[in-house]
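Visitor: Contents of work-v3.cif (mmCIF, C-alpha atoms):
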data_run
#
loop_
_atom_site.label_atom_id
_atom_site.label_comp_id
_atom_site.auth_asym_id
_atom_site.auth_seq_id
_atom_site.Cartn_x
_atom_site.Cartn_y
_atom_site.Cartn_z
CA MET A 1 0.00 0.00 0.00
CA ARG A 2 1.14 3.52 -0.82
CA ASP A 3 -0.41 6.53 0.91
CA GLY A 4 -3.21 4.30 2.18
CA HIS A 5 -4.01 2.90 -1.27
CA ARG A 6 -3.15 -0.36 -2.97
CA ALA A 7 -0.43 -0.15 -5.56
CA THR A 8 -1.93 -0.10 -9.02
CA PRO A 9 -0.75 -2.99 -11.21
CA ARG A 10 1.37 -2.12 -14.22
CA ARG A 11 -1.24 -3.10 -16.81
CA LEU A 12 -4.95 -2.71 -16.14
CA ILE A 13 -7.67 -4.12 -18.32
CA GLU A 14 -9.59 -1.39 -20.12
CA PRO A 15 -13.11 -1.93 -21.41
CA LYS A 16 -14.09 -2.32 -25.02
CA VAL A 17 -16.14 0.80 -25.68
CA ILE A 18 -19.54 0.42 -27.33
CA ASP A 19 -20.27 4.07 -28.06
CA GLN A 20 -23.35 5.91 -29.21
CA ASP A 21 -22.57 5.26 -32.87
CA HIS A 22 -22.58 1.48 -32.35
CA LEU A 23 -24.99 1.02 -29.45
CA THR A 24 -28.45 -0.33 -30.25
CA ARG A 25 -31.70 -0.67 -28.35
CA SER A 26 -31.15 -4.43 -28.45
CA ASP A 27 -27.70 -4.01 -26.85
CA LEU A 28 -29.19 -2.06 -23.97
CA THR A 29 -32.20 -4.28 -23.35
CA SER A 30 -30.00 -7.41 -23.39
CA ILE A 31 -27.68 -6.15 -20.62
CA ASP A 32 -27.91 -8.34 -17.54
CA PHE A 33 -27.81 -5.80 -14.71
CA ASP A 34 -26.30 -8.46 -12.43
CA LYS A 35 -23.18 -7.99 -14.59
CA VAL A 36 -23.10 -4.17 -14.40
CA ILE A 37 -20.33 -3.31 -11.95
CA CYS A 38 -20.73 0.45 -12.09
CA GLY A 39 -21.70 3.38 -14.24
CA GLU A 40 -22.32 7.09 -14.53
CA SER A 41 -25.32 9.18 -15.38
CA SER A 42 -26.03 12.85 -15.71
CA SER A 43 -29.05 14.97 -16.36
CA THR A 44 -29.26 17.02 -19.53
CA GLY A 45 -28.44 20.21 -17.61
CA ALA A 46 -25.43 18.78 -15.75
CA MET A 47 -21.96 20.31 -15.76
CA GLY A 48 -19.25 18.40 -17.58
CA LEU A 49 -20.56 15.60 -19.77
CA ALA A 50 -24.25 16.55 -19.73
CA GLY A 51 -26.95 14.02 -20.53
CA HIS A 52 -25.02 10.76 -20.54
CA VAL A 53 -25.35 7.20 -19.26
CA TRP A 54 -22.33 4.91 -19.10
CA LEU A 55 -22.52 1.26 -18.03
CA TYR A 56 -19.41 -0.82 -17.22
CA VAL A 57 -20.33 -4.48 -17.72
CA LEU A 58 -18.17 -7.47 -16.77
CA LYS A 59 -19.44 -10.77 -18.14
CA GLY A 60 -16.97 -13.63 -18.02
CA HIS A 61 -13.80 -12.33 -19.66
CA SER A 62 -15.66 -9.59 -21.53
CA PHE A 63 -15.31 -6.08 -20.07
CA ARG A 64 -17.36 -3.44 -21.87
CA LEU A 65 -18.36 0.17 -21.50
CA TYR A 66 -21.71 1.06 -23.05
CA GLN A 67 -22.11 4.80 -23.68
CA THR A 68 -25.08 6.90 -24.72
CA TRP A 69 -25.78 10.64 -24.83
CA HIS A 70 -29.01 12.61 -24.90
CA GLU A 71 -27.63 14.93 -27.57
CA SER A 72 -26.98 12.04 -29.99
CA ASP A 73 -30.08 9.89 -29.46
CA VAL A 74 -32.82 11.03 -27.09
CA LYS A 75 -34.67 7.69 -27.17
CA LEU A 76 -31.59 5.55 -26.51
CA TYR A 77 -30.48 7.86 -23.69
CA GLY A 78 -34.01 7.71 -22.22
CA LEU A 79 -34.03 3.91 -22.38
CA ALA A 80 -30.63 3.70 -20.66
CA TRP A 81 -31.78 6.17 -17.98
CA ASP A 82 -34.96 4.12 -17.41
CA LEU A 83 -33.02 0.85 -17.15
CA VAL A 84 -30.69 2.31 -14.53
CA ASN A 85 -33.66 3.62 -12.54
CA GLN A 86 -35.47 0.26 -12.80
CA ASN A 87 -32.38 -1.39 -11.31
CA ARG A 88 -31.64 1.24 -8.61
CA SER A 89 -31.88 -1.29 -5.79
CA ARG A 90 -28.78 -3.10 -7.11
CA PHE A 91 -26.52 -0.06 -6.72
CA SER A 92 -25.08 2.42 -4.26
CA PHE A 93 -25.06 5.96 -5.62
CA ALA A 94 -22.49 8.70 -5.08
CA ASP A 95 -23.07 12.32 -5.94
CA GLY A 96 -20.60 13.40 -8.59
CA GLY A 97 -21.64 17.03 -8.28
CA TYR A 98 -23.62 19.37 -10.51
CA GLY A 99 -26.10 16.80 -11.86
CA ASN A 100 -23.64 13.89 -12.19
CA THR A 101 -23.92 10.54 -10.42
CA VAL A 102 -21.71 7.48 -10.09
CA PHE A 103 -23.36 4.19 -9.22
CA VAL A 104 -21.62 1.02 -8.07
CA LYS A 105 -23.05 -2.44 -7.63
CA LYS A 106 -23.66 -3.10 -3.94
CA GLY A 107 -20.80 -5.09 -2.43
CA ILE A 108 -18.24 -3.79 -4.93
CA THR A 109 -15.46 -1.35 -4.05
CA LEU A 110 -13.73 0.91 -6.54
CA GLU A 111 -10.25 2.01 -5.45
CA PRO A 112 -9.00 5.46 -6.47
CA SER A 113 -5.86 5.42 -8.62
CA GLY A 114 -4.08 7.43 -5.95
CA PRO A 115 -4.64 9.67 -2.96
CA VAL A 116 -7.68 11.94 -3.23
CA PRO A 117 -6.83 15.45 -1.96
CA LYS A 118 -9.19 17.31 0.38
CA GLU A 119 -9.40 20.20 -2.06
CA ILE A 120 -10.62 19.71 -5.63
CA SER A 121 -8.38 22.61 -6.72
CA LYS A 122 -5.42 20.21 -6.40
CA LEU A 123 -6.88 18.16 -9.28
CA ILE A 124 -8.50 20.74 -11.56
CA ASN A 125 -5.45 21.69 -13.64
CA SER A 126 -3.85 18.28 -13.58
CA ASP A 127 -3.75 15.47 -16.09
CA ASN A 128 -7.28 14.03 -16.19
CA GLY A 129 -5.95 10.74 -17.60
CA LYS A 130 -4.17 9.80 -14.42
CA TYR A 131 -7.36 9.76 -12.34
CA PHE A 132 -9.42 6.60 -12.49
CA TRP A 133 -10.80 3.84 -10.30
CA VAL A 134 -9.66 0.23 -10.14
CA TYR A 135 -12.01 -2.69 -9.63
CA ASP A 136 -10.71 -6.07 -8.44
CA ASN A 137 -7.13 -4.81 -8.85
CA ARG A 138 -7.43 -5.48 -12.61
CA TYR A 139 -10.10 -3.37 -14.29
CA LYS A 140 -9.73 0.32 -15.11
CA ILE A 141 -12.80 2.55 -14.69
CA LYS A 142 -12.31 6.02 -16.19
CA PRO A 143 -14.66 8.74 -14.98
CA SER A 144 -15.98 11.32 -17.41
CA GLY A 145 -14.26 14.12 -15.52
CA VAL A 146 -11.99 15.12 -12.65
CA GLY A 147 -14.83 16.74 -10.67
CA LEU A 148 -16.91 13.58 -10.78
CA TYR A 149 -13.88 11.50 -9.77
CA TRP A 150 -13.08 13.79 -6.86
CA SER A 151 -16.66 14.15 -5.57
CA ALA A 152 -17.48 10.44 -5.66
CA SER A 153 -14.10 9.37 -4.24
CA ARG A 154 -14.42 11.85 -1.36
CA GLU A 155 -17.94 10.64 -0.64
CA TRP A 156 -16.72 7.03 -0.49
CA GLN A 157 -13.77 7.97 1.75
CA CYS A 158 -16.12 9.71 4.16
CA GLY A 159 -18.38 6.66 4.32
CA ARG A 160 -21.41 8.34 2.74
CA HIS A 161 -21.63 5.67 0.03
#
Can I see the file as structure tokens?
Guide:
Amino acid sequence: MRDGHRATPRRLIEPKVIDQDHLTRSDLTSIDFDKVICGESSSTGAMGLAGHVWLYVLKGHSFRLYQTWHESDVKLYGLAWDLVNQNRSRFSFADGGYGNTVFVKKGITLEPSGPVPKEISKLINSDNGKYFWVYDNRYKIKPSGVGLYWSASREWQCGRH
């Protein structure tokens, strides 16, 4: 452990991204929410990446990130939003600030990639790519922004998760 955190392995597994251009209604409705380890959502008026739903799904050896945005496809975004809300009881939610939310399957812990400072100003002008969460010491979960990473990580550290 370094600074109270586990050392991050040299090579983390990143998800295969199924983005808005390749995501279908069938893809979304076939997702087994028992396999969703975490995700993000934001309202259309949120700061940062407004109007999005991301789902990180781990099924066997397949690790995928499904992404949809309100701006690109209102119906697909609405379906993803509805599916997350229908499965709310499976997740713990953390406020990402300004209309953003991170949700994690109950019983799962996401470890920050490093120490989370008490002041967000320490992160704002830094390299966004170096901030992420690690699941099961193998899987890399990249947040949509530094503010969301900081807010959710601080909430988890303070036990409000």
Visitor: Range 94-98 of chain A: which residues within 8 Å, counting only C-alpha atoms, same-chain residues fewer than 6 positions away excluded, as a compact mmCIF listing (two decimals) with C-alpha atoms, keeping the file's coordinate frame?
Guide:
# COMPACT_ATOMS: atom_id res chain seq x y z
CA ALA A 46 -25.43 18.78 -15.75
CA MET A 47 -21.96 20.31 -15.76
CA GLY A 147 -14.83 16.74 -10.67
CA LEU A 148 -16.91 13.58 -10.78
CA TYR A 149 -13.88 11.50 -9.77
CA TRP A 150 -13.08 13.79 -6.86
CA SER A 151 -16.66 14.15 -5.57
CA ALA A 152 -17.48 10.44 -5.66
CA GLU A 155 -17.94 10.64 -0.64
CA TRP A 156 -16.72 7.03 -0.49
CA ARG A 160 -21.41 8.34 2.74
CA HIS A 161 -21.63 5.67 0.03
Visitor: Rounded to one decimal, what separation in Å do you get between CA of Thr24 in chain A and CA of Gly60 in chain A?
Guide: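 These two atoms are separated by 21.4 Å.
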Visitor: Applying the PyMOL selection byres ((chain A and resi 109) around 10) to the file I just gave you, which residues come out? Please list them as a ChimeraX atom specification.
Guide: /A:37-38,104-108,110-112,133-136,156
Visitor: Between CA of Gln67 in chain A and CA of Asn137 in chain A, what is the distance, to one decimal in Å?
Guide: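 For CA of Gln67 in chain A relative to CA of Asn137 in chain A, the distance reads 23.2 Å.
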Visitor: Using only C-alpha atoms, which of A:Ser42, A:Asn100, A:Ser30, A:Gln157 sits nearest Tyr77 in chain A?
Guide: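 Closest candidate: A:Ser42.
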Visitor: If you apply the PyMOL selection byres ((chain A and resi 52) around 12) to this file, what residues do you get, as JSON, numbers by chain?
Guide: {"A": [19, 20, 39, 40, 41, 42, 43, 44, 45, 46, 47, 48, 49, 50, 51, 53, 54, 55, 66, 67, 68, 69, 70, 71, 72, 73, 74, 76, 77, 78, 79, 80, 81, 84, 99, 100, 101, 102, 143, 144]}
Visitor: Record the distance separating CA of Phe63 in chain A and CA of Pro15 in chain A, expressed in Å with one decimal.
Guide: 4.9 Å
